[in-house]
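Trainee: Okay, so here is entry.cif, and as you'll see once you scroll down, it has mmCIF, C-alpha atoms.
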```
data_query
loop_
_atom_site.label_atom_id
_atom_site.label_comp_id
_atom_site.auth_asym_id
_atom_site.auth_seq_id
_atom_site.Cartn_x
_atom_site.Cartn_y
_atom_site.Cartn_z
CA MET A 1 38.16 -204.52 96.49
CA MET A 2 35.68 -207.24 97.46
CA ASN A 3 36.34 -210.82 96.46
CA GLN A 4 33.73 -212.61 94.31
CA GLN A 5 32.00 -214.38 97.21
CA THR A 6 31.63 -211.19 99.27
CA ALA A 7 30.33 -209.36 96.22
CA TRP A 8 27.68 -212.04 95.55
CA LEU A 9 26.57 -211.94 99.17
CA SER A 10 26.37 -208.15 98.95
CA VAL A 11 24.16 -208.50 95.85
CA LEU A 12 21.84 -210.76 97.85
CA ILE A 13 21.67 -208.19 100.66
CA MET A 14 20.95 -205.35 98.22
CA ALA A 15 18.23 -207.39 96.49
CA LEU A 16 16.54 -208.30 99.78
CA VAL A 17 16.64 -204.76 101.21
CA THR A 18 15.34 -203.28 97.94
CA ALA A 19 12.50 -205.82 97.71
CA LEU A 20 11.62 -205.21 101.35
CA LEU A 21 11.43 -201.44 100.77
CA ARG A 22 9.13 -201.95 97.80
CA ILE A 23 6.81 -204.46 99.48
CA LEU A 24 6.67 -203.08 103.04
CA PRO A 25 4.17 -200.24 102.38
CA PHE A 26 1.67 -202.74 101.00
CA ILE A 27 2.03 -204.93 104.09
CA VAL A 28 1.94 -202.09 106.63
CA PHE A 29 -0.64 -199.78 105.06
CA GLY A 30 -2.41 -202.28 102.83
CA GLY A 31 -5.36 -202.71 105.17
CA LYS A 32 -7.73 -200.00 106.20
CA ARG A 33 -5.23 -198.23 108.44
CA LYS A 34 -4.58 -194.61 107.59
CA THR A 35 -1.07 -193.52 106.57
CA PRO A 36 0.51 -191.44 109.40
CA LYS A 37 0.92 -187.71 108.72
CA LEU A 38 4.70 -187.81 109.22
CA VAL A 39 5.11 -190.56 106.60
CA GLU A 40 3.06 -188.54 104.12
CA LYS A 41 5.13 -185.44 104.82
CA LEU A 42 8.44 -187.27 104.41
CA SER A 43 7.18 -188.92 101.24
CA ARG A 44 6.90 -185.48 99.69
CA SER A 45 10.27 -184.04 100.76
CA LEU A 46 12.66 -186.99 101.11
CA PRO A 47 13.08 -187.76 97.37
CA TYR A 48 14.47 -184.23 96.78
CA ALA A 49 16.90 -184.37 99.69
CA ILE A 50 18.16 -187.88 98.86
CA MET A 51 18.95 -186.84 95.28
CA GLY A 52 21.00 -183.92 96.65
CA MET A 53 22.83 -186.36 98.89
CA LEU A 54 23.56 -188.68 95.97
CA VAL A 55 25.04 -185.82 93.95
CA VAL A 56 27.39 -185.03 96.83
CA TYR A 57 28.17 -188.75 97.16
CA CYS A 58 29.22 -188.91 93.51
CA LEU A 59 31.43 -185.86 93.78
CA LYS A 60 33.07 -186.95 97.05
CA GLY A 61 36.36 -187.73 95.26
CA VAL A 62 36.75 -184.14 94.09
CA SER A 63 39.78 -182.41 95.57
CA PHE A 64 41.01 -178.86 94.99
CA ARG A 65 44.65 -179.74 95.58
CA GLU A 66 45.23 -180.56 91.91
CA ALA A 67 43.46 -179.30 88.77
CA ALA A 68 43.08 -182.86 87.41
CA LEU A 69 41.08 -183.81 90.51
CA PHE A 70 38.32 -181.25 90.09
CA VAL A 71 38.37 -179.49 86.69
CA PRO A 72 36.94 -182.42 84.63
CA SER A 73 34.09 -183.01 87.14
CA LEU A 74 33.38 -179.29 87.34
CA ILE A 75 33.19 -178.78 83.57
CA ALA A 76 31.21 -181.97 82.90
CA SER A 77 28.76 -181.19 85.74
CA ALA A 78 28.22 -177.69 84.34
CA VAL A 79 27.55 -179.22 80.91
CA VAL A 80 24.95 -181.60 82.38
CA ILE A 81 23.14 -178.87 84.33
CA ALA A 82 23.21 -176.30 81.51
CA LEU A 83 22.04 -178.80 78.89
CA HIS A 84 19.30 -180.03 81.15
CA VAL A 85 18.00 -176.55 81.98
CA TRP A 86 18.03 -175.79 78.26
CA ARG A 87 16.57 -178.97 76.73
CA ARG A 88 15.05 -180.94 79.68
CA ASN A 89 16.10 -184.15 77.90
CA THR A 90 17.42 -186.67 80.43
CA LEU A 91 19.29 -188.93 78.02
CA LEU A 92 20.89 -186.04 76.14
CA SER A 93 22.13 -184.52 79.42
CA ILE A 94 23.59 -187.80 80.70
CA VAL A 95 25.27 -188.91 77.48
CA SER A 96 26.77 -185.47 76.68
CA GLY A 97 28.10 -184.97 80.20
CA THR A 98 29.65 -188.43 80.31
CA VAL A 99 31.31 -188.13 76.89
CA CYS A 100 32.61 -184.69 77.87
CA TYR A 101 34.09 -186.11 81.10
CA MET A 102 35.65 -189.09 79.30
CA LEU A 103 37.31 -186.83 76.72
CA LEU A 104 38.64 -184.54 79.47
CA VAL A 105 40.19 -187.29 81.61
CA GLN A 106 41.53 -189.24 78.65
CA LEU A 107 42.86 -186.48 76.41
CA VAL A 108 43.41 -183.32 78.48
CA PHE A 109 44.28 -184.25 82.07
CA MET B 110 -4.81 -208.66 74.46
CA LYS B 111 -2.82 -207.64 71.41
CA LYS B 112 -4.13 -204.10 71.72
CA LEU B 113 -3.17 -204.04 75.38
CA ILE B 114 0.38 -205.21 74.64
CA LYS B 115 0.72 -202.52 72.00
CA LYS B 116 -0.56 -199.84 74.36
CA ALA B 117 1.85 -200.94 77.09
CA PHE B 118 4.78 -201.06 74.66
CA ILE B 119 4.15 -197.53 73.40
CA ALA B 120 3.83 -196.26 76.97
CA THR B 121 7.19 -197.81 77.89
CA LEU B 122 9.16 -196.44 74.90
CA PRO B 123 10.85 -193.61 76.87
CA VAL B 124 11.91 -196.16 79.48
CA LEU B 125 13.13 -198.49 76.72
CA THR B 126 15.70 -195.97 75.49
CA GLY B 127 16.63 -194.84 78.99
CA TYR B 128 17.06 -198.32 80.43
CA LEU B 129 19.02 -199.63 77.45
CA VAL B 130 21.51 -196.73 77.65
CA LEU B 131 21.81 -196.63 81.45
CA GLY B 132 21.85 -200.42 81.71
CA PHE B 133 24.51 -200.55 79.02
CA GLY B 134 26.64 -198.05 80.96
CA PHE B 135 26.20 -200.07 84.14
CA GLY B 136 27.25 -203.28 82.37
CA ILE B 137 30.39 -201.69 80.92
CA ILE B 138 31.51 -200.24 84.27
CA LEU B 139 30.80 -203.44 86.19
CA ARG B 140 32.78 -205.47 83.67
CA SER B 141 35.67 -202.97 83.72
CA THR B 142 36.04 -203.50 87.48
CA GLY B 143 36.53 -207.24 86.91
CA PHE B 144 33.06 -208.74 87.42
CA SER B 145 31.31 -211.13 85.03
CA VAL B 146 28.39 -210.90 82.60
CA LEU B 147 26.53 -213.28 84.93
CA MET B 148 26.96 -210.79 87.77
CA ALA B 149 25.48 -208.00 85.62
CA PHE B 150 22.54 -210.27 84.73
CA ALA B 151 21.89 -211.32 88.34
CA MET B 152 22.14 -207.77 89.70
CA SER B 153 19.76 -206.33 87.12
CA LEU B 154 17.30 -209.19 87.52
CA PHE B 155 17.24 -209.35 91.32
CA ILE B 156 18.23 -205.91 92.63
CA TYR B 157 16.64 -204.05 89.70
CA ALA B 158 17.39 -200.55 91.00
CA GLY B 159 19.47 -198.40 88.64
CA SER B 160 21.11 -195.88 90.95
CA MET B 161 21.77 -198.51 93.59
CA GLN B 162 23.50 -200.81 91.11
CA TYR B 163 25.87 -198.01 90.09
CA VAL B 164 26.54 -197.25 93.76
CA ALA B 165 27.07 -201.00 94.31
CA ILE B 166 30.10 -200.97 91.99
CA ASP B 167 31.58 -198.29 94.25
CA LEU B 168 30.86 -200.44 97.30
CA PHE B 169 32.53 -203.45 95.63
CA THR B 170 35.70 -201.58 94.73
CA GLY B 171 35.82 -199.83 98.10
CA GLY B 172 35.45 -203.14 99.97
CA ALA B 173 32.43 -201.98 101.99
CA SER B 174 31.19 -204.03 104.97
CA TYR B 175 27.85 -205.91 104.80
CA LEU B 176 26.38 -203.40 107.23
CA THR B 177 27.38 -200.48 105.00
CA VAL B 178 25.93 -202.34 102.00
CA ALA B 179 22.61 -202.86 103.79
CA LEU B 180 22.38 -199.31 105.18
CA THR B 181 23.38 -197.68 101.90
CA THR B 182 20.73 -199.71 100.05
CA LEU B 183 18.23 -198.71 102.71
CA MET B 184 18.88 -195.00 102.24
CA VAL B 185 19.43 -194.90 98.48
CA ASN B 186 16.22 -196.87 97.91
CA ALA B 187 14.15 -195.49 100.79
CA ARG B 188 12.15 -193.42 98.29
CA HIS B 189 10.58 -196.67 97.09
CA LEU B 190 8.64 -196.80 100.36
CA PHE B 191 6.83 -193.71 99.20
CA TYR B 192 6.11 -195.06 95.75
CA GLY B 193 4.48 -198.03 97.42
CA ILE B 194 2.40 -195.81 99.66
CA SER B 195 1.06 -193.86 96.72
CA MET B 196 0.27 -197.05 94.75
CA LEU B 197 -1.72 -198.73 97.54
CA ASP B 198 -5.06 -197.96 95.91
CA LYS B 199 -4.13 -198.62 92.28
CA TYR B 200 -2.55 -202.00 93.04
CA ARG B 201 -5.43 -203.10 95.28
CA GLY B 202 -7.19 -206.18 93.95
CA THR B 203 -4.49 -207.11 91.42
CA GLY B 204 -4.44 -210.64 92.86
CA ALA B 205 -1.52 -212.95 92.15
CA LYS B 206 0.19 -210.32 90.00
CA LYS B 207 0.60 -208.04 92.99
CA ALA B 208 3.83 -209.60 94.29
CA TYR B 209 5.61 -208.93 90.99
CA LEU B 210 4.08 -205.44 90.64
CA MET B 211 5.41 -204.50 94.08
CA TYR B 212 8.82 -206.06 93.49
CA THR B 213 9.40 -204.21 90.21
CA LEU B 214 8.20 -200.75 91.26
CA THR B 215 11.26 -198.75 90.10
CA ASP B 216 11.43 -194.97 89.65
CA GLU B 217 10.70 -195.27 85.94
CA THR B 218 7.93 -197.87 86.25
CA TYR B 219 6.37 -195.75 88.98
CA SER B 220 6.41 -192.74 86.66
CA LEU B 221 4.42 -194.81 84.12
CA VAL B 222 1.84 -196.33 86.47
CA CYS B 223 1.22 -193.50 88.95
CA GLY B 224 -0.92 -191.41 86.63
CA GLU B 225 -4.56 -191.82 85.70
CA LEU B 226 -5.10 -194.72 83.34
CA SER B 227 -7.36 -194.08 80.35
CA GLY B 228 -8.45 -196.33 77.51
CA VAL B 229 -8.03 -199.54 79.52
CA GLN B 230 -11.01 -201.58 80.72
CA GLU B 231 -11.35 -202.07 84.44
CA THR B 232 -10.87 -205.84 84.07
CA ASP B 233 -7.62 -205.33 82.10
CA ARG B 234 -6.03 -202.88 84.51
CA SER B 235 -3.91 -205.33 86.47
CA LEU B 236 -2.76 -207.03 83.26
CA TYR B 237 -1.76 -203.64 81.81
CA TYR B 238 0.27 -202.83 84.94
CA LEU B 239 1.90 -206.24 84.72
CA LEU B 240 2.87 -205.75 81.06
CA VAL B 241 4.39 -202.31 81.72
CA SER B 242 6.36 -203.62 84.73
CA LEU B 243 7.58 -206.71 82.88
CA MET B 244 8.66 -204.80 79.76
CA ASP B 245 10.67 -202.29 81.82
CA HIS B 246 12.33 -205.15 83.70
CA ILE B 247 13.30 -206.84 80.41
CA TYR B 248 14.77 -203.60 78.98
CA TRP B 249 16.93 -203.08 82.05
CA VAL B 250 18.28 -206.65 82.15
CA THR B 251 18.91 -206.61 78.38
CA GLY B 252 20.77 -203.27 78.52
CA SER B 253 23.06 -204.37 81.34
CA VAL B 254 23.86 -207.76 79.84
CA LEU B 255 24.68 -206.19 76.45
CA GLY B 256 26.84 -203.59 78.22
CA ALA B 257 28.70 -206.24 80.19
CA ILE B 258 29.36 -208.23 77.00
CA ALA B 259 30.48 -205.11 75.11
CA GLY B 260 32.62 -204.04 78.08
CA GLY B 261 34.96 -206.95 77.39
CA VAL B 262 35.51 -206.13 73.71
CA LEU B 263 35.20 -202.35 73.30
CA PRO B 264 37.94 -200.97 71.02
CA PHE B 265 38.32 -197.69 72.94
CA SER B 266 39.17 -196.74 76.50
CA THR B 267 36.18 -196.45 78.83
CA GLU B 268 38.10 -194.46 81.44
CA GLY B 269 35.77 -191.85 82.93
CA ILE B 270 32.54 -193.60 81.93
CA ASP B 271 31.65 -193.90 85.61
CA PHE B 272 30.70 -190.23 85.38
CA ALA B 273 27.40 -191.51 83.92
CA LEU B 274 26.19 -192.03 87.48
CA THR B 275 27.03 -188.47 88.51
CA ALA B 276 25.36 -187.21 85.34
CA LEU B 277 22.24 -189.29 86.09
CA PHE B 278 21.87 -187.91 89.60
CA LEU B 279 22.67 -184.36 88.49
CA THR B 280 20.00 -184.60 85.79
CA VAL B 281 17.35 -185.85 88.19
CA PHE B 282 18.41 -183.24 90.74
CA THR B 283 18.18 -180.43 88.16
CA GLU B 284 14.81 -181.69 86.95
CA GLN B 285 13.47 -181.76 90.51
CA TRP B 286 14.99 -178.35 91.20
CA LEU B 287 13.20 -176.84 88.21
CA SER B 288 9.83 -178.40 89.02
CA ALA B 289 9.82 -178.27 92.85
CA ARG B 290 7.50 -175.90 94.65
CA ASP B 291 9.68 -175.98 97.74
CA ARG B 292 13.44 -176.13 97.17
CA ARG B 293 14.44 -176.44 100.82
CA PRO B 294 14.51 -180.27 100.88
CA ALA B 295 16.95 -180.30 97.95
CA LEU B 296 19.14 -177.70 99.65
CA ILE B 297 19.00 -179.58 102.96
CA GLY B 298 20.11 -182.76 101.17
CA VAL B 299 23.12 -181.06 99.60
CA ALA B 300 24.08 -179.00 102.66
CA ALA B 301 23.75 -181.82 105.20
CA SER B 302 25.76 -184.19 102.97
CA ALA B 303 28.50 -181.65 102.26
CA LEU B 304 28.76 -180.82 105.95
CA CYS B 305 28.98 -184.49 106.96
CA LEU B 306 31.51 -185.11 104.18
CA VAL B 307 33.79 -182.45 105.67
CA ILE B 308 33.31 -183.71 109.24
CA PHE B 309 33.32 -187.50 108.76
CA GLY B 310 35.34 -187.94 105.56
CA SER B 311 34.39 -189.59 102.26
CA GLU B 312 34.33 -193.15 103.62
CA SER B 313 31.79 -192.72 106.41
CA PHE B 314 29.67 -189.64 105.78
CA LEU B 315 26.60 -191.31 104.22
CA ILE B 316 24.98 -192.65 107.39
CA PRO B 317 25.33 -189.43 109.46
CA ALA B 318 24.14 -187.44 106.43
CA MET B 319 21.03 -189.62 106.14
CA LEU B 320 20.25 -189.16 109.84
CA VAL B 321 20.66 -185.37 109.66
CA ILE B 322 18.44 -185.24 106.54
CA ALA B 323 15.67 -187.39 108.02
CA LEU B 324 15.71 -185.38 111.26
CA THR B 325 15.74 -181.97 109.57
CA LEU B 326 12.90 -182.88 107.21
CA THR B 327 10.87 -184.14 110.18
CA VAL B 328 11.10 -180.85 112.08
CA ILE B 329 10.73 -178.25 109.29
CA LYS B 330 7.27 -176.95 108.44
CA GLU B 331 6.01 -177.61 104.94
CA ALA B 332 5.59 -174.66 102.61
CA LYS B 333 1.99 -173.62 102.06
CA PRO B 334 0.64 -174.57 98.65
#
```
Could you write out this structure as structure tokens?
Mentor:
Amino acid sequence: MMNQQTAWLSVLIMALVTALLRILPFIVFGGKRKTPKLVEKLSRSLPYAIMGMLVVYCLKGVSFREAALFVPSLIASAVVIALHVWRRNTLLSIVSGTVCYMLLVQLVF
Amino acid sequence: MKKLIKKAFIATLPVLTGYLVLGFGFGIILRSTGFSVLMAFAMSLFIYAGSMQYVAIDLFTGGASYLTVALTTLMVNARHLFYGISMLDKYRGTGAKKAYLMYTLTDETYSLVCGELSGVQETDRSLYYLLVSLMDHIYWVTGSVLGAIAGGVLPFSTEGIDFALTALFLTVFTEQWLSARDRRPALIGVAASALCLVIFGSESFLIPAMLVIALTLTVIKEAKP
């Protein structure tokens, strides 16, 4: 656990890096220079791959040694995916999955 | 002016509901890990990146190093580079407003400003973009502050609410999966991360995973349209 001062400094770092990422393209490619082919190619594929990575990141705590460590995540994830394929409603998918997970960890496991 | 504000407000309604709910969830979780309402306010105002702020709570509780914080932010938010690239033309000539427009270019704001703009006069364009960006920013800060306040007084247990982040990413992933022409990048993201998780362990797999992803995407050929 970070102490308060470290956490505040981390917030500053996150804010600066995020702002830099958002402003940099305008500085680098803002003139008449043409955007390199590789950058254009990555700009099309990277968002998909990063989202896959973030899903794995979120589920990194899952362990198959004990039912309580994977069954709630598994069921709630299935609910999110199934609901989303069915209704394509982002908020509905997120809220339902989260409530389902909370009920499972609080009442069942 | 009044008409423009109304148009911008109507356009941002989907983001209003989304940001209030997700911001609220963020505020509750942050508070439950022992941080203040002020922290929620500052993070949402200055970082203003939803997924990253959820991940940040994980970094706080895990005691991550400054380097990990910087690198994780870099990778989680790298997609913003590409939003910027695709907005170069639209944000050209927006004058003094440009700094704020660039700074607040989140996923959701991008989804509202990237399309063709109709029914707005050429001279009002930059003002319209500013209104949309500002409204979204206000929704996000409001949601997180309300969540952080509620987090201290909620009458029921919030154990498990951190799943909201997983659900958010899963939803976006599913949406992209359904609409993508080429599903290999999504598969590469999952496979490379899972592989690195097994090899490097849950504490240090992110950076190698990002390298493998960037490298693989650089060498594969794009699918023909």
Trainee: Using the chain letters and numbers from this file, what does the PyMOL selection byres ((chain B and resi 255) around 9) select? Give the answer as a PyMOL selection string.
Mentor: chain B and resi 129+132-133+136-137+146+250-254+256-260
Trainee: For the structure provided, state which residues fall under the PyMOL selection byres ((chain A and resi 56) around 12), and present them as an NGL selection string.
Mentor: (:A and (49-55 or 57-62 or 73 or 77)) or (:B and (274-276 or 278-279 or 282 or 295-307 or 311 or 314-315 or 318))
Trainee: For a quick check of your reading of the model, name the residues lying within 9 Å of the coordinate (7.9, -182.2, 105.8), counting only C-alpha atoms, and write them as a PyMOL selection string.
Mentor: (chain A and resi 38-46) or (chain B and resi 294+325-332)
Trainee: For the PyMOL selection byres ((chain A and resi 22-29) around 9), applied here, can you spell out every residue it catches as a ChimeraX atom specification?
Mentor: /A:17-21,30-35 /B:186-187,189-194,196-197,208,211-215
Trainee: Between B:Ala205, B:Ala149, B:Ala273, B:Ile114, which has the minimum distance to Ile94 (chain A) (counting only C-alpha atoms)?
Mentor: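 Nearest candidate to Ile94 (chain A) out of B:Ala205, B:Ala149, B:Ala273, B:Ile114: B:Ala273.
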Trainee: Would you pick out the contacts of Gln4 (chain A) at 10 Å or less, using only C-alpha atoms, so that residues sharing its chain but fewer than 5 positions from it are not included, and give the list as JSON, numbers by chain?
Mentor: {"A": [9, 10], "B": [143, 144, 145, 148, 169]}
Trainee: Could you check how far CA of Arg88 (chain A) sits from CA of Glu284 (chain B), in Å to one decimal?
Mentor: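 These atoms are spaced 7.3 Å apart.
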Trainee: Quote the spacing between CA of Phe150 (chain B) and CA of Tyr163 (chain B) in Å to one decimal place.
Mentor: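 Taking CA of Phe150 (chain B) and CA of Tyr163 (chain B), their separation equals 13.8 Å.
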Trainee: Counting only C-alpha atoms, find residues at most 12 Å from (22.8, -180.3, 82.5) (file frame) and give them as an MDAnalysis selection string.
Mentor: (chainID A and resid 74:98 100) or (chainID B and resid 275:284 286:287)
Trainee: Hey, which of A:Gln5, A:Ala68, A:Pro36, A:Val99 ends up closest to chain B? Count only C-alpha atoms.
Mentor: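 Going through A:Gln5, A:Ala68, A:Pro36, A:Val99 one by one, the smallest distance to chain B is for A:Val99.
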Trainee: What are the centre and edge lengths in Å, to one decimal, of the axis-aligned box around all listed atoms of region 247-256 of chain B with 6 Å added on each side, as JSON?
Mentor:
```
{"center_x": 20.1, "center_y": -205.4, "center_z": 79.3, "size_x": 25.5, "size_y": 16.7, "size_z": 17.7}
```
Trainee: Expressed in Å to a single decimal, how great is the separation between CA of Cys223 (chain B) and CA of Leu12 (chain A)?
Mentor: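 A separation of 28.3 Å between them.
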